[in-house]
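K.L.:
Input: one structure, supplied below.
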Amino acid sequence: MALCSVVARGLGRAQIAPLLVRRNFSRWNSRYGWQRGRWGGQTNSRRPSSSPDVPFVVTSLSLGSFFSSGGKNSAQSSLSKPASLPDTMPVELSRVMLPDDTNPMGNVHGGTILKLIEHAGVIVSTRHCNSAGDRSKGPFITALARVEHMDFYQPMYVGEVAQVHAAVTYTSPHSCEVTAEVWAENVLTGDRRRTNRAMLWYVAFPTNGNSALKPVAVPQLEGLTAGEASEGLKRYKAQKASRASASDSMQGLTHPNIYQPLSDAPEHTVQSSQTTLATLVLPSDCVRGNYLMGGPLMKMMDSAAGICAARHSRSPVVTACINAIDFHGPVRNGEAIFCTARLVFCSEKSMMVEIITEAEGLASGSRRVVNTAYFTFVSIGFDRKAHEVPPLILTSDEDHQRFKEGKARYEERKKARMLEKSSKK
């Protein structure tokens with residue numbers, strides 16, 4: 001995939017094309033090197049004025065040797081005339097945030113960040129899956145199968161540059177894991193802060209017109225240590241089990257069970273805030289093969305979930321985290337999609353929303369569930385601080401069961417974030 005490698009200095013970035021793909025490899029000085037590179041690693045760290053901002057190309061450099069050698073020396077020793085970049089090299093994708101990227105609070109919409117992350121994930125995973133293997137069956141395109149989790153640490157604002165760093169961090173026989181981080185840069189001051197982190201799983205399909213859409217084997221990632229491989233295998237098995245559980249829970253799930261009548265529903269019940277958004281899949285939303293990309297769908301899901309949370313709290317809300325998103329099947333160009341959001345759990349200051357997405361073939365009228373997810377939102381007052389939300393009123397056995405399951409997810413995620421914070425101290 002041919003990519004533009006254009007970077008300007010300072011305010012010039014805001015004046016060139018909104019979408020930039022940059023190649024400053026000296027930042028990635030370990031497998032997760034963007035966390036410990038010269039520019040990153042600390043909130044509000046200021047970029048040294050002497051740091052190079054001009055991209056360069058690498059002629060002969062494997063991912064394993066790049067990370068194992070610390071990146072900096074390997075990259076500098078590989079400078080030469082323009083040549084192809086290594087297929088497994090991490091990607092940085094940058095874009096200036098504009099007014100039409102914001103939510104009603106004036107912050108950048110969470111769905112916009114989701115789309116940027118998915119774009120970066122598609123680039124790095126597609127490049128990796130075409131780096132080796134049987135080219136007679138290719139080329140291959142990757143599709144998002146699962147978002148393991150995503151955290152929203154800080155808001156992003158208009159005028160800042162969103163920088164998405166993405167790299168393939170583990171491969172199973174038929175899937176690859178992409179780890180992505182998002183940083184916000186103030187181009188006036190040079191300050192940078194981390195705003196998001198996500199882990200995504202992609203599968204690969206041939207682009208030869210095969211309608212079966214059977215995932216193909218992916219090249220295995222080289223250069224992993226024994227510890228990294230072991231941890232990656234644990235993550236793969238955990239997401240596979242969770243995905244299988246989600247698929248089992250979908251059995252028998254049809255839209256009469258999703259949609260509940262909203263007329264005369266008591267306030268603060270599940271039915272009173274339930275929301276459905278519908279749209280038509282257009283070519284601009286699709287990748288090669290006329291299949292819907294995950295990014296536009298996730299932005300629509302975030303909007304539906306945000307409306308649901310705002311209806312319950314009657315206040316502005318922001319996305320706090322995404323527990324998991326499972327993609328159960330493809331959506332084609334020309335189909336209609338319906339995102340239904342309903343509350344399943346409320347803590348003192350947060351709301352967990354379940355989203356179920358259906359696709360409908362307009363010619364046949366048949367519907368199928370293609371996507372399920374859990375988004376967590378926080379109620380924000382005009383002082384931009386988290387406020388308490390009304391308790392969720394449960395009116396059925398199903399409501400109680402979903403509340404119990406949502407509380408378990410909430411406690412599990414809270415525990416994981418506490419462990420993450422303690423490990424950084």
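In the structure tokens, chains take the letters A, B, ... in the order shown, each chain's residues start at 1, and ligands count up from 1 in the order shown.
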Need the shell around Ile325 (chain A): protein/DNA/RNA residues with any atom at most 8 Å away, counting only C-alpha atoms. Skip same-chain ones fewer than 3 positions apart. Format as a ChimeraX atom specification?
P.N.:
/A:146-149,322,371-374
K.L.:
When DSSP works through the backbone of this structure, what residues of region 90-303 of chain A end up as alpha helix (DSSP H), shown as a PyMOL selection string?
P.N.:
chain A and resi 110-129+226-250+255-258+270-273+294-303
K.L.:
If we count only C-alpha atoms and set the cut-off at 10 Å, which residues sit around region 162-166 of chain A, ignoring sequence neighbours fewer than 5 positions away in its own chain? Please answer as an MDAnalysis selection string.
P.N.:
chainID A and resid 19:22 28 32:35 89:97 108 113 116:125 156:157 178:186 192 194:200
K.L.:
Just write the chosen residues, C-alpha atoms, as a PDB file, in the first residue's frame.
P.N.:
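Ended up saving to selection-v8.pdb:
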ATOM      1  CA  LEU A  19      -4.205  13.224   6.815  1.00  0.00           C
ATOM      2  CA  LEU A  20      -0.512  12.571   7.300  1.00  0.00           C
ATOM      3  CA  VAL A  21       1.338   9.298   7.560  1.00  0.00           C
ATOM      4  CA  ARG A  22       4.706   9.861   9.116  1.00  0.00           C
ATOM      5  CA  TRP A  28       9.893   3.343  18.516  1.00  0.00           C
ATOM      6  CA  TYR A  32       6.073  -0.542  22.504  1.00  0.00           C
ATOM      7  CA  GLY A  33       8.734   2.077  21.886  1.00  0.00           C
ATOM      8  CA  TRP A  34       6.405   5.020  21.293  1.00  0.00           C
ATOM      9  CA  GLN A  35       5.869   4.974  25.073  1.00  0.00           C
ATOM     10  CA  MET A  89       7.242  -1.530  10.520  1.00  0.00           C
ATOM     11  CA  PRO A  90       4.962   0.402  12.910  1.00  0.00           C
ATOM     12  CA  VAL A  91       2.825   3.188  11.496  1.00  0.00           C
ATOM     13  CA  GLU A  92       2.108   6.690  12.670  1.00  0.00           C
ATOM     14  CA  LEU A  93      -1.004   8.336  11.266  1.00  0.00           C
ATOM     15  CA  SER A  94      -1.681  11.994  12.040  1.00  0.00           C
ATOM     16  CA  ARG A  95      -4.536  14.389  11.386  1.00  0.00           C
ATOM     17  CA  VAL A  96      -5.428  17.889  12.515  1.00  0.00           C
ATOM     18  CA  MET A  97      -8.654  17.942  14.544  1.00  0.00           C
ATOM     19  CA  VAL A 108     -13.177  15.630  19.763  1.00  0.00           C
ATOM     20  CA  ILE A 113     -10.699   8.702  17.382  1.00  0.00           C
ATOM     21  CA  LEU A 116      -8.400   7.005  13.107  1.00  0.00           C
ATOM     22  CA  ILE A 117      -7.310   4.003  15.168  1.00  0.00           C
ATOM     23  CA  GLU A 118      -9.030   1.602  12.790  1.00  0.00           C
ATOM     24  CA  HIS A 119      -7.438   3.257   9.761  1.00  0.00           C
ATOM     25  CA  ALA A 120      -3.979   2.851  11.289  1.00  0.00           C
ATOM     26  CA  GLY A 121      -4.777  -0.742  12.262  1.00  0.00           C
ATOM     27  CA  VAL A 122      -5.871  -1.619   8.730  1.00  0.00           C
ATOM     28  CA  ILE A 123      -2.684  -0.137   7.268  1.00  0.00           C
ATOM     29  CA  VAL A 124      -0.241  -1.925   9.567  1.00  0.00           C
ATOM     30  CA  SER A 125      -2.099  -5.267   9.580  1.00  0.00           C
ATOM     31  CA  MET A 156      -8.638  16.062  22.633  1.00  0.00           C
ATOM     32  CA  TYR A 157      -9.468  19.510  21.267  1.00  0.00           C
ATOM     33  CA  VAL A 178      -2.478  -4.537  16.711  1.00  0.00           C
ATOM     34  CA  THR A 179      -1.661  -2.264  19.640  1.00  0.00           C
ATOM     35  CA  ALA A 180      -2.419   1.409  19.103  1.00  0.00           C
ATOM     36  CA  GLU A 181      -1.878   4.550  21.121  1.00  0.00           C
ATOM     37  CA  VAL A 182      -3.196   8.034  20.423  1.00  0.00           C
ATOM     38  CA  TRP A 183      -1.372  11.220  21.375  1.00  0.00           C
ATOM     39  CA  ALA A 184      -2.569  14.808  21.127  1.00  0.00           C
ATOM     40  CA  GLU A 185      -0.011  17.431  20.129  1.00  0.00           C
ATOM     41  CA  ASN A 186      -0.428  21.157  20.571  1.00  0.00           C
ATOM     42  CA  ARG A 192       2.077  16.129  23.776  1.00  0.00           C
ATOM     43  CA  ARG A 194      -1.449  10.394  25.602  1.00  0.00           C
ATOM     44  CA  THR A 195      -5.225  10.307  25.166  1.00  0.00           C
ATOM     45  CA  ASN A 196      -6.110   6.739  24.159  1.00  0.00           C
ATOM     46  CA  ARG A 197      -4.870   3.180  24.016  1.00  0.00           C
ATOM     47  CA  ALA A 198      -6.465   0.241  22.215  1.00  0.00           C
ATOM     48  CA  MET A 199      -5.840  -3.376  21.280  1.00  0.00           C
ATOM     49  CA  LEU A 200      -7.417  -4.735  18.112  1.00  0.00           C
TER      50      LEU A 200
END
K.L.:
Write out as a list in words each polymer residue whose atoms come within 7 Å of Gln220 (chain A), counting only C-alpha atoms; drop sequence neighbours fewer than 2 positions from it.
P.N.:
Thr171, Val218 and Glu222 of chain A
K.L.:
Give me every strand (DSSP E or B) residue in region 74-239 of chain A, going by DSSP on the backbone, as a VMD selection string.
P.N.:
chain A and resid 91 to 96 102 107 to 108 140 to 152 157 161 to 172 175 to 185 191 to 206
K.L.:
Determine the nearest neighbour of Arg342 (chain A) from the options A:Glu360, A:Pro330, A:Ser272, A:Met293, counting only C-alpha atoms.
P.N.:
A:Ser272
K.L.:
Show me, as a PyMOL selection string, the residues that have an atom within 12 Å of Met351 (chain A) when counting only C-alpha atoms, minus same-chain residues fewer than 4 positions from it.
P.N.:
chain A and resi 268+270+273+305-313+317-322+341-347+374-380+386-392+403+406-407+409-410
K.L.:
Residues as selected, C-alpha atoms, written as a PDB file, in the first residue's frame, can you do that?
P.N.:
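Output file out_10.pdb follows:
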ATOM      1  CA  HIS A 268     -34.709   5.965  34.060  1.00  0.00           C
ATOM      2  CA  VAL A 270     -33.953   0.617  30.205  1.00  0.00           C
ATOM      3  CA  SER A 273     -33.368   5.629  27.106  1.00  0.00           C
ATOM      4  CA  ALA A 305     -24.521   4.785  22.849  1.00  0.00           C
ATOM      5  CA  GLY A 306     -23.897   8.453  23.683  1.00  0.00           C
ATOM      6  CA  ILE A 307     -27.510   9.397  22.955  1.00  0.00           C
ATOM      7  CA  CYS A 308     -28.699   6.524  25.146  1.00  0.00           C
ATOM      8  CA  ALA A 309     -26.470   7.610  28.050  1.00  0.00           C
ATOM      9  CA  ALA A 310     -27.484  11.271  27.682  1.00  0.00           C
ATOM     10  CA  ARG A 311     -31.167  10.341  27.685  1.00  0.00           C
ATOM     11  CA  HIS A 312     -30.706   8.550  30.988  1.00  0.00           C
ATOM     12  CA  SER A 313     -28.540  11.169  32.717  1.00  0.00           C
ATOM     13  CA  VAL A 317     -21.667  12.608  28.405  1.00  0.00           C
ATOM     14  CA  VAL A 318     -18.233  11.509  27.188  1.00  0.00           C
ATOM     15  CA  THR A 319     -16.892   8.069  26.323  1.00  0.00           C
ATOM     16  CA  ALA A 320     -14.749   6.665  29.142  1.00  0.00           C
ATOM     17  CA  CYS A 321     -13.824   3.240  27.768  1.00  0.00           C
ATOM     18  CA  ILE A 322     -14.873   0.406  25.504  1.00  0.00           C
ATOM     19  CA  ALA A 341     -28.101   0.965  22.356  1.00  0.00           C
ATOM     20  CA  ARG A 342     -29.535   0.140  25.779  1.00  0.00           C
ATOM     21  CA  LEU A 343     -28.289   0.660  29.317  1.00  0.00           C
ATOM     22  CA  VAL A 344     -27.243  -2.450  31.179  1.00  0.00           C
ATOM     23  CA  PHE A 345     -25.466  -1.036  34.253  1.00  0.00           C
ATOM     24  CA  CYS A 346     -25.001   2.241  36.135  1.00  0.00           C
ATOM     25  CA  SER A 347     -22.452   2.980  38.820  1.00  0.00           C
ATOM     26  CA  TYR A 374     -20.134  -2.422  25.490  1.00  0.00           C
ATOM     27  CA  PHE A 375     -19.334   1.289  25.844  1.00  0.00           C
ATOM     28  CA  THR A 376     -18.941   3.112  29.165  1.00  0.00           C
ATOM     29  CA  PHE A 377     -19.860   6.797  29.490  1.00  0.00           C
ATOM     30  CA  VAL A 378     -19.398   9.405  32.199  1.00  0.00           C
ATOM     31  CA  SER A 379     -21.820  12.249  32.903  1.00  0.00           C
ATOM     32  CA  ILE A 380     -20.093  15.629  32.659  1.00  0.00           C
ATOM     33  CA  ALA A 386     -17.897  13.873  36.452  1.00  0.00           C
ATOM     34  CA  HIS A 387     -21.335  14.036  38.066  1.00  0.00           C
ATOM     35  CA  GLU A 388     -23.554  11.405  39.634  1.00  0.00           C
ATOM     36  CA  VAL A 389     -26.073   9.664  37.391  1.00  0.00           C
ATOM     37  CA  PRO A 390     -29.591   8.447  38.292  1.00  0.00           C
ATOM     38  CA  PRO A 391     -29.835   4.775  39.290  1.00  0.00           C
ATOM     39  CA  LEU A 392     -31.086   2.422  36.587  1.00  0.00           C
ATOM     40  CA  PHE A 403     -27.249  -5.554  35.197  1.00  0.00           C
ATOM     41  CA  GLY A 406     -22.574  -5.469  33.456  1.00  0.00           C
ATOM     42  CA  LYS A 407     -21.517  -4.995  37.054  1.00  0.00           C
ATOM     43  CA  ARG A 409     -17.564  -6.298  33.609  1.00  0.00           C
ATOM     44  CA  TYR A 410     -17.358  -2.955  35.410  1.00  0.00           C
TER      45      TYR A 410
END
K.L.:
Looking at A:Ser396, A:Gln239, A:Thr276, A:Thr126, which one is nearest to Glu358 (chain A), with distances taken over only C-alpha atoms?
P.N.:
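Checking each of A:Ser396, A:Gln239, A:Thr276, A:Thr126 against Glu358 (chain A), counting only C-alpha atoms, the winner is A:Thr276.
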K.L.:
Which of these residues is nearest to Asp151 (chain A), using only C-alpha atoms: A:Ser422, A:Thr112, A:Asn323, A:Thr357?
P.N.:
A:Asn323
K.L.:
May I ask which of the residues A:Thr102, A:Gly159, A:Ser284, A:Glu354 is the closest one to Glu405 (chain A), counting only C-alpha atoms?
P.N.:
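Nearest to Glu405 (chain A): A:Glu354.
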K.L.:
How many Å separate CA of Asp302 (chain A) from CA of Pro316 (chain A)?
P.N.:
13.8 Å
K.L.:
Identify, on the basis of only C-alpha atoms, every residue whose closest approach to His174 (chain A) does not exceed 8 Å; exclude the query and any residue fewer than 3 positions from it along the same chain; express the result as an MDAnalysis selection string.
P.N.:
chainID A and resid 171 203:204 215:218
